[in-house]
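Colleague: CSV, C-alpha atoms and all ligand atoms, saved as run.csv, coming up:
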```
chain,number,residue,atom,x,y,z
K,64,MET,CA,-10.5,-4.1,17.4
K,65,MET,CA,-11.1,-3.2,13.7
K,66,LYS,CA,-9.2,-5.5,11.4
K,67,GLU,CA,-6.6,-4.0,9.0
K,68,LEU,CA,-8.0,-3.9,5.5
K,69,VAL,CA,-5.8,-5.3,2.8
K,70,LEU,CA,-6.0,-5.4,-1.0
K,71,MET,CA,-3.7,-7.7,-2.9
K,72,ASP,CA,-2.4,-7.6,-6.4
K,73,HIS,CA,-0.3,-10.6,-7.5
K,74,ASP,CA,1.1,-12.1,-10.6
K,75,GLY,CA,0.6,-15.8,-10.2
K,76,GLY,CA,4.1,-17.0,-9.3
K,77,ILE,CA,4.3,-19.9,-6.8
K,78,ASP,CA,5.4,-17.4,-4.1
K,79,ASP,CA,2.5,-15.1,-5.1
K,80,LEU,CA,0.1,-18.0,-4.5
K,81,LEU,CA,1.8,-18.8,-1.2
K,82,SER,CA,1.5,-15.1,-0.3
K,83,VAL,CA,-2.3,-15.3,-1.0
K,84,LEU,CA,-2.5,-18.2,1.4
K,85,LEU,CA,-0.4,-16.4,4.0
K,86,LEU,CA,-2.6,-13.3,3.9
K,87,LEU,CA,-5.7,-15.5,4.2
K,88,LEU,CA,-4.3,-17.0,7.4
K,89,MET,CA,-3.5,-13.7,9.1
K,90,PRO,CA,-6.0,-13.3,11.9
K,91,LYS,CA,-5.7,-9.5,12.2
K,92,ILE,CA,-6.4,-8.6,8.6
K,93,GLU,CA,-9.3,-8.7,6.3
K,94,LEU,CA,-8.5,-9.4,2.7
K,95,ILE,CA,-11.0,-7.3,0.8
K,96,GLY,CA,-10.0,-8.3,-2.8
K,97,ILE,CA,-7.4,-9.9,-5.0
K,98,THR,CA,-6.4,-8.7,-8.5
K,99,VAL,CA,-4.2,-10.6,-10.8
K,100,THR,CA,-1.6,-9.2,-13.2
K,101,PRO,CA,-0.7,-11.4,-16.1
K,102,ALA,CA,3.0,-10.9,-15.7
K,103,ASP,CA,4.8,-14.0,-14.2
K,104,CYS,CA,1.7,-16.0,-15.1
K,105,TYR,CA,-0.9,-16.7,-17.8
K,106,LEU,CA,-4.0,-15.0,-16.5
K,107,GLU,CA,-6.6,-17.8,-16.6
K,108,PRO,CA,-4.8,-20.6,-14.7
K,109,ALA,CA,-3.6,-18.1,-12.2
K,110,ILE,CA,-7.1,-16.9,-11.5
K,111,GLU,CA,-8.1,-20.5,-11.1
K,112,SER,CA,-5.3,-21.2,-8.6
K,113,THR,CA,-6.2,-18.1,-6.7
K,114,TYR,CA,-9.8,-19.2,-6.4
K,115,LYS,CA,-8.8,-22.7,-5.3
K,116,LEU,CA,-6.8,-21.1,-2.4
K,117,LEU,CA,-9.9,-19.2,-1.4
K,118,GLN,CA,-11.9,-22.4,-1.5
K,119,LYS,CA,-9.3,-24.2,0.6
K,120,THR,CA,-9.7,-21.5,3.3
K,121,GLY,CA,-13.5,-21.1,3.0
K,122,LYS,CA,-13.2,-17.6,1.6
K,123,GLU,CA,-14.7,-17.8,-1.9
K,124,HIS,CA,-16.6,-14.6,-1.2
K,125,ILE,CA,-13.4,-12.5,-1.7
K,126,PRO,CA,-13.7,-10.8,-5.1
K,127,ILE,CA,-11.0,-11.4,-7.8
K,128,GLY,CA,-10.2,-8.9,-10.5
K,129,ARG,CA,-8.5,-9.7,-13.9
K,130,GLY,CA,-5.6,-7.6,-15.1
K,131,VAL,CA,-5.5,-7.1,-18.8
K,132,PHE,CA,-2.6,-4.7,-19.1
K,133,HIS,CA,0.6,-6.2,-20.4
K,134,GLY,CA,4.1,-4.7,-19.7
K,135,VAL,CA,6.7,-4.2,-22.3
K,136,ASN,CA,9.1,-6.9,-21.2
K,137,ALA,CA,7.4,-10.4,-21.0
K,138,PHE,CA,8.3,-13.0,-18.4
K,139,PRO,CA,9.6,-16.4,-19.7
K,140,SER,CA,6.7,-18.7,-20.7
K,141,GLU,CA,8.0,-21.6,-18.5
K,142,TRP,CA,7.6,-19.4,-15.4
K,143,ARG,CA,4.2,-18.1,-16.6
K,144,ALA,CA,2.7,-21.6,-16.9
K,145,ARG,CA,3.4,-22.8,-13.4
K,146,PRO,CA,-0.2,-22.3,-12.1
K,147,GLU,CA,-1.2,-25.0,-14.6
K,148,ILE,CA,0.7,-27.5,-12.4
K,149,VAL,CA,-0.7,-26.0,-9.2
K,150,ASN,CA,-4.2,-26.6,-10.4
K,151,VAL,CA,-3.7,-30.3,-10.9
K,152,LEU,CA,-2.1,-31.0,-7.5
K,153,PRO,CA,-4.0,-33.7,-5.7
K,154,MET,CA,-5.1,-31.3,-3.0
K,155,LEU,CA,-6.6,-28.9,-5.5
K,156,ILE,CA,-7.7,-30.6,-8.6
K,157,ASN,CA,-11.1,-31.8,-7.5
K,158,LEU,CA,-12.4,-28.6,-5.9
K,159,PRO,CA,-15.7,-27.2,-7.5
K,160,PRO,CA,-15.0,-25.2,-10.7
K,161,ALA,CA,-13.6,-21.7,-10.5
K,162,PRO,CA,-15.6,-18.9,-12.2
K,163,ASN,CA,-15.1,-18.0,-15.8
K,164,PRO,CA,-12.2,-15.5,-15.6
K,165,TYR,CA,-13.9,-13.4,-18.3
K,166,ASP,CA,-17.0,-12.9,-16.0
K,167,LEU,CA,-14.8,-11.3,-13.4
K,168,PRO,CA,-14.4,-7.5,-13.1
K,169,LEU,CA,-11.3,-5.8,-14.5
K,170,ALA,CA,-8.6,-5.4,-11.9
K,171,VAL,CA,-8.4,-1.6,-12.3
K,172,ASP,CA,-12.2,-1.3,-11.8
K,173,LEU,CA,-12.3,-3.7,-8.9
K,174,MET,CA,-9.5,-1.8,-7.1
K,175,ILE,CA,-11.3,1.5,-7.5
K,176,GLU,CA,-14.6,0.0,-6.3
K,177,LEU,CA,-13.1,-1.7,-3.3
K,178,LEU,CA,-11.1,1.3,-2.2
K,179,HIS,CA,-14.2,3.6,-2.4
K,180,LYS,CA,-16.3,1.1,-0.5
K,181,ALA,CA,-13.7,0.5,2.2
K,182,SER,CA,-14.7,1.8,5.7
K,183,GLN,CA,-11.1,2.9,6.4
K,184,PRO,CA,-7.8,3.3,4.5
K,185,VAL,CA,-6.4,0.1,3.0
K,186,LYS,CA,-3.0,-1.5,2.9
K,187,ILE,CA,-2.1,-2.6,-0.7
K,188,VAL,CA,0.2,-5.6,-1.0
K,189,MET,CA,1.7,-6.0,-4.5
K,190,THR,CA,3.7,-9.0,-5.4
K,191,GLY,CA,4.0,-8.5,-9.1
K,192,PRO,CA,4.4,-5.4,-11.3
K,193,CYS,CA,2.6,-2.2,-10.0
K,194,SER,CA,0.8,-1.4,-13.3
K,195,ASN,CA,-2.8,-2.1,-12.1
K,196,LEU,CA,-2.5,0.2,-9.2
K,197,VAL,CA,-1.0,3.0,-11.1
K,198,LEU,CA,-3.6,2.6,-13.9
K,199,ALA,CA,-6.3,2.7,-11.2
K,200,ILE,CA,-4.9,5.9,-9.7
K,201,GLU,CA,-4.7,7.5,-13.1
K,202,LYS,CA,-8.3,6.6,-13.8
K,203,ASP,CA,-9.6,7.8,-10.4
K,204,PRO,CA,-7.1,9.8,-8.4
K,205,THR,CA,-9.5,10.2,-5.5
K,206,ILE,CA,-8.7,6.6,-4.4
K,207,ILE,CA,-5.4,7.9,-3.1
K,208,SER,CA,-7.1,9.1,0.1
K,209,LYS,CA,-8.1,5.5,0.8
K,210,ILE,CA,-4.6,4.1,0.5
K,211,LYS,CA,-3.0,3.6,3.9
K,212,GLU,CA,0.3,2.1,2.7
K,213,ILE,CA,1.6,0.2,-0.3
K,214,ILE,CA,3.9,-2.7,0.2
K,215,TRP,CA,5.6,-3.7,-3.0
K,216,MET,CA,8.0,-6.6,-3.7
K,217,GLY,CA,10.2,-5.0,-6.3
K,218,GLY,CA,13.5,-3.4,-7.2
K,219,ALA,CA,17.2,-3.9,-6.6
K,220,PHE,CA,19.0,-0.9,-5.1
K,221,ARG,CA,22.4,-1.8,-3.8
K,222,THR,CA,22.6,-5.2,-5.3
K,223,SER,CA,22.4,-6.7,-8.8
K,224,GLY,CA,19.0,-7.4,-10.4
K,225,ASN,CA,17.7,-10.8,-11.4
K,226,VAL,CA,16.8,-10.2,-15.1
K,227,GLN,CA,19.1,-12.0,-17.4
K,228,THR,CA,18.1,-11.5,-21.0
K,229,TYR,CA,18.9,-9.7,-24.3
K,230,GLN,CA,19.3,-5.9,-24.4
K,231,HIS,CA,19.7,-5.9,-20.6
K,232,ASN,CA,22.7,-5.5,-18.3
K,233,GLY,CA,21.5,-7.3,-15.3
K,234,THR,CA,20.6,-4.3,-13.1
K,235,ALA,CA,16.8,-4.8,-12.9
K,236,GLU,CA,14.5,-6.8,-10.8
K,237,TRP,CA,11.8,-8.5,-12.8
K,238,ASN,CA,8.6,-6.9,-11.3
K,239,VAL,CA,10.0,-3.4,-12.3
K,240,TYR,CA,11.5,-4.6,-15.6
K,241,TRP,CA,8.1,-5.9,-16.8
K,242,ASP,CA,6.7,-2.4,-16.8
K,243,PRO,CA,9.3,0.3,-15.9
K,244,PHE,CA,7.1,3.1,-17.0
K,245,HIS,CA,4.4,2.6,-14.4
K,246,ALA,CA,7.0,1.8,-11.8
K,247,GLN,CA,8.6,5.3,-12.4
K,248,LYS,CA,5.1,6.8,-12.2
K,249,LEU,CA,4.4,5.1,-8.9
K,250,LEU,CA,7.6,6.6,-7.5
K,251,GLU,CA,6.6,10.0,-8.8
K,252,LEU,CA,3.4,9.8,-6.9
K,253,GLU,CA,5.4,9.7,-3.6
K,254,LEU,CA,2.6,7.7,-1.8
K,255,PRO,CA,3.3,5.9,1.5
K,256,LEU,CA,5.3,3.1,-0.2
K,257,VAL,CA,7.6,0.5,1.2
K,258,MET,CA,9.5,-1.5,-1.3
K,259,VAL,CA,10.8,-5.0,-0.5
K,260,PRO,CA,13.6,-5.3,-3.0
K,261,LEU,CA,16.2,-8.0,-3.7
K,262,ASP,CA,18.5,-6.2,-1.2
K,263,VAL,CA,16.5,-7.8,1.6
K,264,THR,CA,14.9,-10.9,-0.2
K,265,ASN,CA,18.4,-12.1,-1.0
K,266,HIS,CA,18.8,-12.9,2.7
K,267,VAL,CA,15.9,-15.4,2.6
K,268,PRO,CA,16.3,-18.2,0.1
K,269,VAL,CA,13.9,-21.1,-0.1
K,270,ASP,CA,16.5,-23.7,1.0
K,271,LYS,CA,16.3,-27.4,1.6
K,272,ALA,CA,16.6,-27.0,5.4
K,273,PHE,CA,13.5,-24.9,5.3
K,274,LEU,CA,11.6,-27.3,3.0
K,275,SER,CA,12.7,-30.3,5.2
K,276,LYS,CA,11.4,-28.7,8.4
K,277,LEU,CA,8.1,-27.7,6.7
K,278,ALA,CA,7.7,-31.3,5.5
K,279,GLN,CA,8.0,-32.5,9.0
K,280,GLN,CA,4.8,-30.7,9.9
K,281,SER,CA,2.9,-31.9,6.8
K,282,LYS,CA,0.1,-33.4,9.0
K,283,TYR,CA,-1.2,-29.8,8.9
K,284,GLU,CA,-2.9,-29.7,5.5
K,285,LEU,CA,-1.7,-26.2,4.6
K,286,SER,CA,1.9,-27.0,5.5
K,287,ASN,CA,1.6,-30.0,3.2
K,288,LEU,CA,0.2,-27.8,0.4
K,289,ALA,CA,2.8,-25.1,0.9
K,290,ALA,CA,5.6,-27.7,0.8
K,291,GLN,CA,4.3,-29.1,-2.5
K,292,LEU,CA,4.0,-25.6,-4.0
K,293,TRP,CA,7.6,-24.8,-3.0
K,294,ALA,CA,8.8,-28.1,-4.4
K,295,LEU,CA,7.7,-26.9,-7.8
K,296,THR,CA,10.2,-24.0,-7.6
K,297,ILE,CA,13.3,-26.2,-7.2
K,298,ASP,CA,14.9,-26.0,-10.6
K,299,ASN,CA,17.8,-28.2,-11.3
K,300,ILE,CA,19.7,-25.6,-13.2
K,301,PRO,CA,22.7,-24.7,-11.1
K,302,SER,CA,22.8,-21.0,-11.8
K,303,TYR,CA,22.4,-18.0,-9.6
K,304,HIS,CA,19.3,-16.7,-11.1
K,305,TYR,CA,17.4,-19.9,-10.6
K,306,ILE,CA,17.7,-19.8,-6.9
K,307,TYR,CA,14.1,-19.2,-5.6
K,308,TYR,CA,13.8,-16.7,-2.8
K,309,MET,CA,11.1,-15.8,-0.4
K,310,TRP,CA,10.5,-12.7,-2.5
K,311,ASP,CA,6.7,-12.2,-2.3
K,312,ILE,CA,6.4,-14.1,1.0
K,313,LEU,CA,8.8,-11.7,2.7
K,314,ALA,CA,6.9,-8.6,1.3
K,315,THR,CA,3.6,-10.1,2.5
K,316,SER,CA,5.0,-10.9,5.9
K,317,TYR,CA,5.8,-7.2,6.3
K,318,VAL,CA,2.1,-6.8,7.0
K,319,ALA,CA,2.4,-8.9,10.2
K,320,LEU,CA,6.1,-8.5,11.1
K,321,GLU,CA,6.8,-4.8,10.3
K,322,ALA,CA,8.6,-4.4,13.6
K,323,PHE,CA,11.2,-7.0,12.6
K,324,PHE,CA,12.2,-5.2,9.4
K,325,THR,CA,14.9,-2.5,8.9
K,326,VAL,CA,13.5,0.2,6.6
K,327,GLU,CA,15.5,3.1,5.1
K,328,GLU,CA,14.2,6.2,3.4
K,329,LEU,CA,16.0,7.4,0.3
K,330,ARG,CA,15.5,8.9,-3.1
K,331,ALA,CA,15.3,6.8,-6.2
K,332,LYS,CA,14.1,6.7,-9.8
K,333,VAL,CA,13.3,4.0,-12.3
K,334,LEU,CA,15.3,3.9,-15.6
K,335,VAL,CA,13.1,3.1,-18.6
K,336,GLN,CA,15.5,2.6,-21.5
K,337,PRO,CA,17.9,-0.3,-22.4
K,338,PRO,CA,20.3,-1.6,-21.3
K,339,ASN,CA,19.2,-0.9,-17.8
K,340,ALA,CA,15.4,-0.6,-18.2
K,341,GLY,CA,13.8,-1.3,-14.9
K,342,GLN,CA,16.8,-0.5,-12.8
K,343,THR,CA,15.8,1.2,-9.5
K,344,LEU,CA,18.6,3.8,-9.1
K,345,ILE,CA,19.3,5.6,-5.8
K,346,HIS,CA,19.7,9.2,-6.9
K,347,ASP,CA,19.4,12.7,-5.3
K,348,SER,CA,17.1,13.9,-8.1
K,349,GLY,CA,14.8,10.8,-7.5
K,350,HIS,CA,11.6,10.5,-5.5
K,351,ARG,CA,11.2,9.7,-1.8
K,352,VAL,CA,10.7,6.0,-1.2
K,353,ARG,CA,11.2,3.7,1.7
K,354,ILE,CA,12.9,0.4,1.2
K,355,ALA,CA,13.4,-2.7,3.4
K,356,THR,CA,17.0,-3.5,3.8
K,357,ASP,CA,17.1,-6.2,6.5
K,358,VAL,CA,14.8,-8.6,8.4
K,359,ASN,CA,15.1,-10.7,11.5
K,360,LYS,CA,15.5,-14.0,9.6
K,361,ALA,CA,14.8,-16.3,12.6
K,362,VAL,CA,11.5,-14.5,13.4
K,363,PHE,CA,10.5,-14.6,9.7
K,364,TYR,CA,11.1,-18.3,9.1
K,365,GLU,CA,9.5,-19.2,12.5
K,366,TYR,CA,6.5,-17.1,11.5
K,367,LEU,CA,6.0,-19.2,8.4
K,368,PHE,CA,6.2,-22.4,10.3
K,369,SER,CA,3.6,-21.3,12.7
K,370,GLN,CA,1.2,-19.7,10.1
K,371,PHE,CA,1.0,-22.8,8.0
K,372,LYS,CA,0.0,-24.9,11.0
K,373,ALA,CA,-3.5,-23.2,10.9
K,374,ASP,CA,-6.3,-25.6,10.0
K,401,LIG,O1,11.8,-10.9,-9.1
K,401,LIG,C1,11.0,-11.6,-8.1
K,401,LIG,C2,9.6,-11.7,-8.6
K,401,LIG,C3,8.7,-12.1,-7.4
K,401,LIG,O2,7.5,-11.3,-7.4
K,401,LIG,N1,9.3,-12.8,-9.5
K,401,LIG,C4,9.2,-14.0,-8.7
K,401,LIG,C5,8.4,-13.6,-7.5
K,401,LIG,O3,7.1,-13.9,-7.6
K,401,LIG,C6,10.1,-12.9,-10.8
K,401,LIG,C7,11.2,-14.0,-10.8
K,401,LIG,C8,12.5,-13.8,-10.6
K,401,LIG,N2,13.2,-15.0,-10.7
K,401,LIG,C9,12.2,-16.0,-11.0
K,401,LIG,C10,11.0,-15.3,-11.0
K,401,LIG,C11,12.3,-17.4,-11.2
K,401,LIG,N3,13.5,-18.0,-11.1
K,401,LIG,N4,11.1,-18.0,-11.4
K,401,LIG,C12,10.0,-17.4,-11.4
K,401,LIG,N5,9.8,-16.0,-11.2
K,402,CA,CA,5.4,-12.3,-8.0
```
Produce C-alpha cells that represent the structure in this file.

Modeller:
Amino acid sequence: MMKELVLMDHDGGIDDLLSVLLLLLMPKIELIGITVTPADCYLEPAIESTYKLLQKTGKEHIPIGRGVFHGVNAFPSEWRARPEIVNVLPMLINLPPAPNPYDLPLAVDLMIELLHKASQPVKIVMTGPCSNLVLAIEKDPTIISKIKEIIWMGGAFRTSGNVQTYQHNGTAEWNVYWDPFHAQKLLELELPLVMVPLDVTNHVPVDKAFLSKLAQQSKYELSNLAAQLWALTIDNIPSYHYIYYMWDILATSYVALEAFFTVEELRAKVLVQPPNAGQTLIHDSGHRVRIATDVNKAVFYEYLFSQFKAD
C-alpha cells in the first residue's frame, strides 16, 4: 500500500517538537518535509532541535525549510527560547552539528517544491500559525490541487482563548492571534481543512499521571526523551493559562486516529482587530470549516504510550 504523504509546518514549541517525533514514528505515513515558523520559537535553535529529532530517528534526509514571515502579535520570549534547552539535553547535545539554518530553503519555496514533486495529494499538518501555507498558496495557487487535507491546531470556538495580554480580551488562541490576517485568508479559501481548536485540546492536559506512566517506560529511549521534553513544560505558576495541553500532539494524532475524533462542520471567520484579534467566531456569514470537538481520550493517551515505545 502507498504511504500517506505528510508535510508539516511547526513553530518550535515543546509539543511541536514532540509532534515531529510522533509523525516520524507513524508507520503508515511518509513525512516529505518540515517547515518551521518563527512564532512560538526563535528560528535557529528550533531548526536545530528539528534536525536533532531527524537524526535520532535516522531521517536526516527529510528537508527542512525556514520560515521568515513574522506575524503581528509576537509570542513571549520565554516560550520562544525553549528549544535552546532542548538542544542541550544529554540525549541530544552531542549529535553531529545541524546545517546552517541560512543554507536551508525558505519555507514557502520548499512547500511549493515538495507539493509539486509529490506523487499524490498531501496531508498538511500545521502546529503553529498558518502563514507559511497561505503565503505559499498566494505565490503559487496551483499547489492547491496537491493538498489532500489540512490539519491545523488553532482556534477557540465555543470556549475562551488562551492569549492573555494587553489590548486583548481573551477570546483568541495563540496560533491564530499571531497572524489573524492569514488565518482569515485560509478560511476564505475553503480548502479541506480540519481545525483542532482549544475546544477539544482542553480535554487532554499534560498531567502528572500521564508523565508518571510515561516515565515508567523510560527504558525505551524515545519515551525517555519525550518525558524529558514534557518535563520542561511544567511551569510552577499556578494560573490557568500555564497549564500545558496536548495541543499539537492531539492535532498530529488526528492523522492516525481520525476515526476516534468527533468533527463538526460549521461556518466561521477570524476577527482581525483589537480587542478580539484572532478570535475564531462561529457566524452564518463565515466560511465553511470543520472543527474537532471531541476525542476518545483513552485511545489517544494509549496511542502515545505505544508510539513512544518504538526503537
Ligand atoms: O495555543 C496553543 C499553541 C500550540 O501550537 N501554542 C502552544 C502549542 O505549541 C501556544 C501556547 C499557548 N500557551 C502556551 C503556548 C504556553 N503556556 N507555553 C507555550 N506555548
Ligand atoms: Ca505550536

Colleague: Which residue out of K:Asp203, K:Glu147, K:Asp242, K:Glu123 has the minimum interatomic distance to K:Thr100 when only C-alpha atoms are used?

Modeller: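 Answer, going by the shortest atom-to-atom distance: K:Asp242.
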
Colleague: Considering all atoms listed in the file, can you say which of K:Ser369, K:Thr315, K:Asn150, K:Gln280 comes closest to ligand CA 402 (chain K)?

Modeller: K:Thr315

Colleague: Using all atoms listed in the file, find each protein or nucleic acid residue lying at most 8 Å from ligand LIG 401 (chain K); present the set as a PyMOL selection string.

Modeller: chain K and resi 73-79+103+138+142-143+190-192+216-218+225-226+236-238+261+296+304-311

Colleague: I'd like to know which of K:Leu256, K:Ala289, K:Ile345, K:Val362 is closest to K:Phe324, using all atoms listed in the file.

Modeller: K:Val362

Colleague: List as a list in words: which residues have an atom within 7 Å of (-11.1, -13.2, -6.0), counting only C-alpha atoms?

Modeller: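 The answer, in the requested form, is Gly96, Ile97, Thr98, Thr113, Tyr114, Ile125, Pro126, Ile127 and Gly128 of chain K.
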
Colleague: I'd like a table as a tab-separated table: residues in stretch 189-270 of chain K with an atom no more than 6 Å from stretch 167-185 of chain K, each row giving the shortest atom pair and its distance in Å to one decimal, all atoms listed in the file counted, sorted by chain and rising residue number.

Modeller:
```
residue	atom	partner	partner_atom	distance
K:Asn195	CA	K:Val171	CA	5.6
K:Ala199	CA	K:Val171	CA	4.9
K:Lys209	CA	K:Pro184	CA	4.3
K:Ile210	CA	K:Val185	CA	5.0
K:Lys211	CA	K:Pro184	CA	4.8
```

Colleague: Under the rule that only C-alpha atoms are counted, which of K:Cys104, K:Ala355, K:Met65, K:Ala294 is the nearest residue to K:Leu277?

Modeller: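 Comparing K:Cys104, K:Ala355, K:Met65, K:Ala294 against K:Leu277, the winner is K:Ala294.
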
Colleague: So which residues touch K:Phe371 within 9 Å, counting only C-alpha atoms, skipping near sequence neighbours fewer than 4 positions away, as number ranges by chain?

Modeller: K: 84-85, 88, 277, 280, 283-287, 289, 366-367

Colleague: Do you have the atom CA of K:Arg129-atom CA of K:Leu94 distance handy?

Modeller: 16.6 Å

Colleague: Under the rule that all atoms listed in the file are counted, which of K:Leu288, K:Leu249, K:Val333, K:Met71 is the nearest residue to K:Leu155?

Modeller: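 Between K:Leu288, K:Leu249, K:Val333, K:Met71, the residue approaching K:Leu155 most closely is K:Leu288.
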
Colleague: Go through K:Cys193, K:Met89, K:Ala219, K:Ile156 and flag the residue nearest ligand CA 402 (chain K), using only C-alpha atoms and all ligand atoms for the distances.

Modeller: K:Cys193

Colleague: So that I can check the surroundings of K:Leu68, please list as a list in words every protein, DNA and RNA residue that reaches within 7 Å of it, counting all atoms listed in the file and ignoring chain neighbours fewer than 2 positions away.

Modeller: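 Residues near the query, excluding close chain neighbours: Lys66, Leu70, Ile92, Glu93, Leu94, Ile95, Val185 and Lys186 of chain K.
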
Colleague: Separation of atom CA of K:Lys115 and atom CA of K:Ala161, in Å?

Modeller: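 So the answer is 7.1 Å.
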
Colleague: Which polymer residues have any atom within 8 Å of an atom of K:Pro164, counting only C-alpha atoms, with same-chain residues fewer than 6 positions away left out, as a PyMOL selection string?

Modeller: chain K and resi 107+110-111+129

Colleague: Could you jot down the atom CA of K:Pro260 to atom CA of K:Pro146 separation for me, Å, one decimal place?

Modeller: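 Computed distance, atom CA of K:Pro260 to atom CA of K:Pro146, equals 23.7 Å.
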
Colleague: So which residues touch K:Leu334 within 9 Å, counting only C-alpha atoms, skipping near sequence neighbours fewer than 3 positions away, as a list of chain:residue names?

Modeller: K:Pro243, K:Phe244, K:Gln247, K:Pro337, K:Asn339, K:Ala340, K:Gly341, K:Gln342, K:Thr343, K:Leu344

Colleague: Mind completing stretch 191-198 of chain K with all heavy atoms? Output as a PDB file, in the frame of the given file, please?

Modeller:
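Saved the output as selection.pdb:
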```pdb
ATOM      1  N   GLY K 191       3.625  -8.428  -7.680  1.00  0.00           N
ATOM      2  CA  GLY K 191       4.000  -8.500  -9.100  1.00  0.00           C
ATOM      3  C   GLY K 191       4.274  -7.038  -9.525  1.00  0.00           C
ATOM      4  O   GLY K 191       4.483  -6.163  -8.675  1.00  0.00           O
ATOM      5  N   PRO K 192       4.245  -6.756 -10.807  1.00  0.00           N
ATOM      6  CA  PRO K 192       4.400  -5.400 -11.300  1.00  0.00           C
ATOM      7  C   PRO K 192       3.276  -4.486 -10.713  1.00  0.00           C
ATOM      8  O   PRO K 192       2.212  -4.967 -10.326  1.00  0.00           O
ATOM      9  CB  PRO K 192       4.296  -5.513 -12.790  1.00  0.00           C
ATOM     10  CG  PRO K 192       4.756  -6.912 -13.065  1.00  0.00           C
ATOM     11  CD  PRO K 192       4.221  -7.727 -11.921  1.00  0.00           C
ATOM     12  N   CYS K 193       3.527  -3.155 -10.705  1.00  0.00           N
ATOM     13  CA  CYS K 193       2.600  -2.200 -10.000  1.00  0.00           C
ATOM     14  C   CYS K 193       1.611  -1.594 -11.016  1.00  0.00           C
ATOM     15  O   CYS K 193       0.891  -0.663 -10.662  1.00  0.00           O
ATOM     16  CB  CYS K 193       3.395  -1.138  -9.338  1.00  0.00           C
ATOM     17  SG  CYS K 193       4.336  -0.100 -10.481  1.00  0.00           S
ATOM     18  N   SER K 194       1.550  -2.094 -12.256  1.00  0.00           N
ATOM     19  CA  SER K 194       0.800  -1.400 -13.300  1.00  0.00           C
ATOM     20  C   SER K 194      -0.692  -1.223 -12.947  1.00  0.00           C
ATOM     21  O   SER K 194      -1.242  -0.130 -13.151  1.00  0.00           O
ATOM     22  CB  SER K 194       0.858  -2.244 -14.603  1.00  0.00           C
ATOM     23  OG  SER K 194       2.126  -2.838 -14.746  1.00  0.00           O
ATOM     24  N   ASN K 195      -1.366  -2.262 -12.436  1.00  0.00           N
ATOM     25  CA  ASN K 195      -2.800  -2.100 -12.100  1.00  0.00           C
ATOM     26  C   ASN K 195      -3.090  -1.000 -11.192  1.00  0.00           C
ATOM     27  O   ASN K 195      -4.024  -0.225 -11.398  1.00  0.00           O
ATOM     28  CB  ASN K 195      -3.351  -3.449 -11.543  1.00  0.00           C
ATOM     29  CG  ASN K 195      -3.609  -4.510 -12.602  1.00  0.00           C
ATOM     30  OD1 ASN K 195      -3.884  -4.184 -13.758  1.00  0.00           O
ATOM     31  ND2 ASN K 195      -3.508  -5.768 -12.223  1.00  0.00           N
ATOM     32  N   LEU K 196      -2.278  -0.889 -10.144  1.00  0.00           N
ATOM     33  CA  LEU K 196      -2.500   0.200  -9.200  1.00  0.00           C
ATOM     34  C   LEU K 196      -2.315   1.548  -9.786  1.00  0.00           C
ATOM     35  O   LEU K 196      -3.131   2.456  -9.594  1.00  0.00           O
ATOM     36  CB  LEU K 196      -1.598  -0.007  -7.948  1.00  0.00           C
ATOM     37  CG  LEU K 196      -1.727   1.116  -6.911  1.00  0.00           C
ATOM     38  CD1 LEU K 196      -3.127   1.157  -6.302  1.00  0.00           C
ATOM     39  CD2 LEU K 196      -0.671   0.981  -5.824  1.00  0.00           C
ATOM     40  N   VAL K 197      -1.244   1.705 -10.543  1.00  0.00           N
ATOM     41  CA  VAL K 197      -1.000   3.000 -11.100  1.00  0.00           C
ATOM     42  C   VAL K 197      -2.085   3.374 -12.144  1.00  0.00           C
ATOM     43  O   VAL K 197      -2.561   4.517 -12.191  1.00  0.00           O
ATOM     44  CB  VAL K 197       0.422   3.055 -11.791  1.00  0.00           C
ATOM     45  CG1 VAL K 197       0.650   4.375 -12.514  1.00  0.00           C
ATOM     46  CG2 VAL K 197       1.502   2.831 -10.730  1.00  0.00           C
ATOM     47  N   LEU K 198      -2.533   2.384 -12.914  1.00  0.00           N
ATOM     48  CA  LEU K 198      -3.600   2.600 -13.900  1.00  0.00           C
ATOM     49  C   LEU K 198      -4.912   2.998 -13.127  1.00  0.00           C
ATOM     50  O   LEU K 198      -5.678   3.860 -13.580  1.00  0.00           O
ATOM     51  CB  LEU K 198      -3.846   1.400 -14.753  1.00  0.00           C
ATOM     52  CG  LEU K 198      -2.715   1.125 -15.754  1.00  0.00           C
ATOM     53  CD1 LEU K 198      -2.845  -0.271 -16.349  1.00  0.00           C
ATOM     54  CD2 LEU K 198      -2.711   2.179 -16.853  1.00  0.00           C
TER      55      LEU K 198
END
```
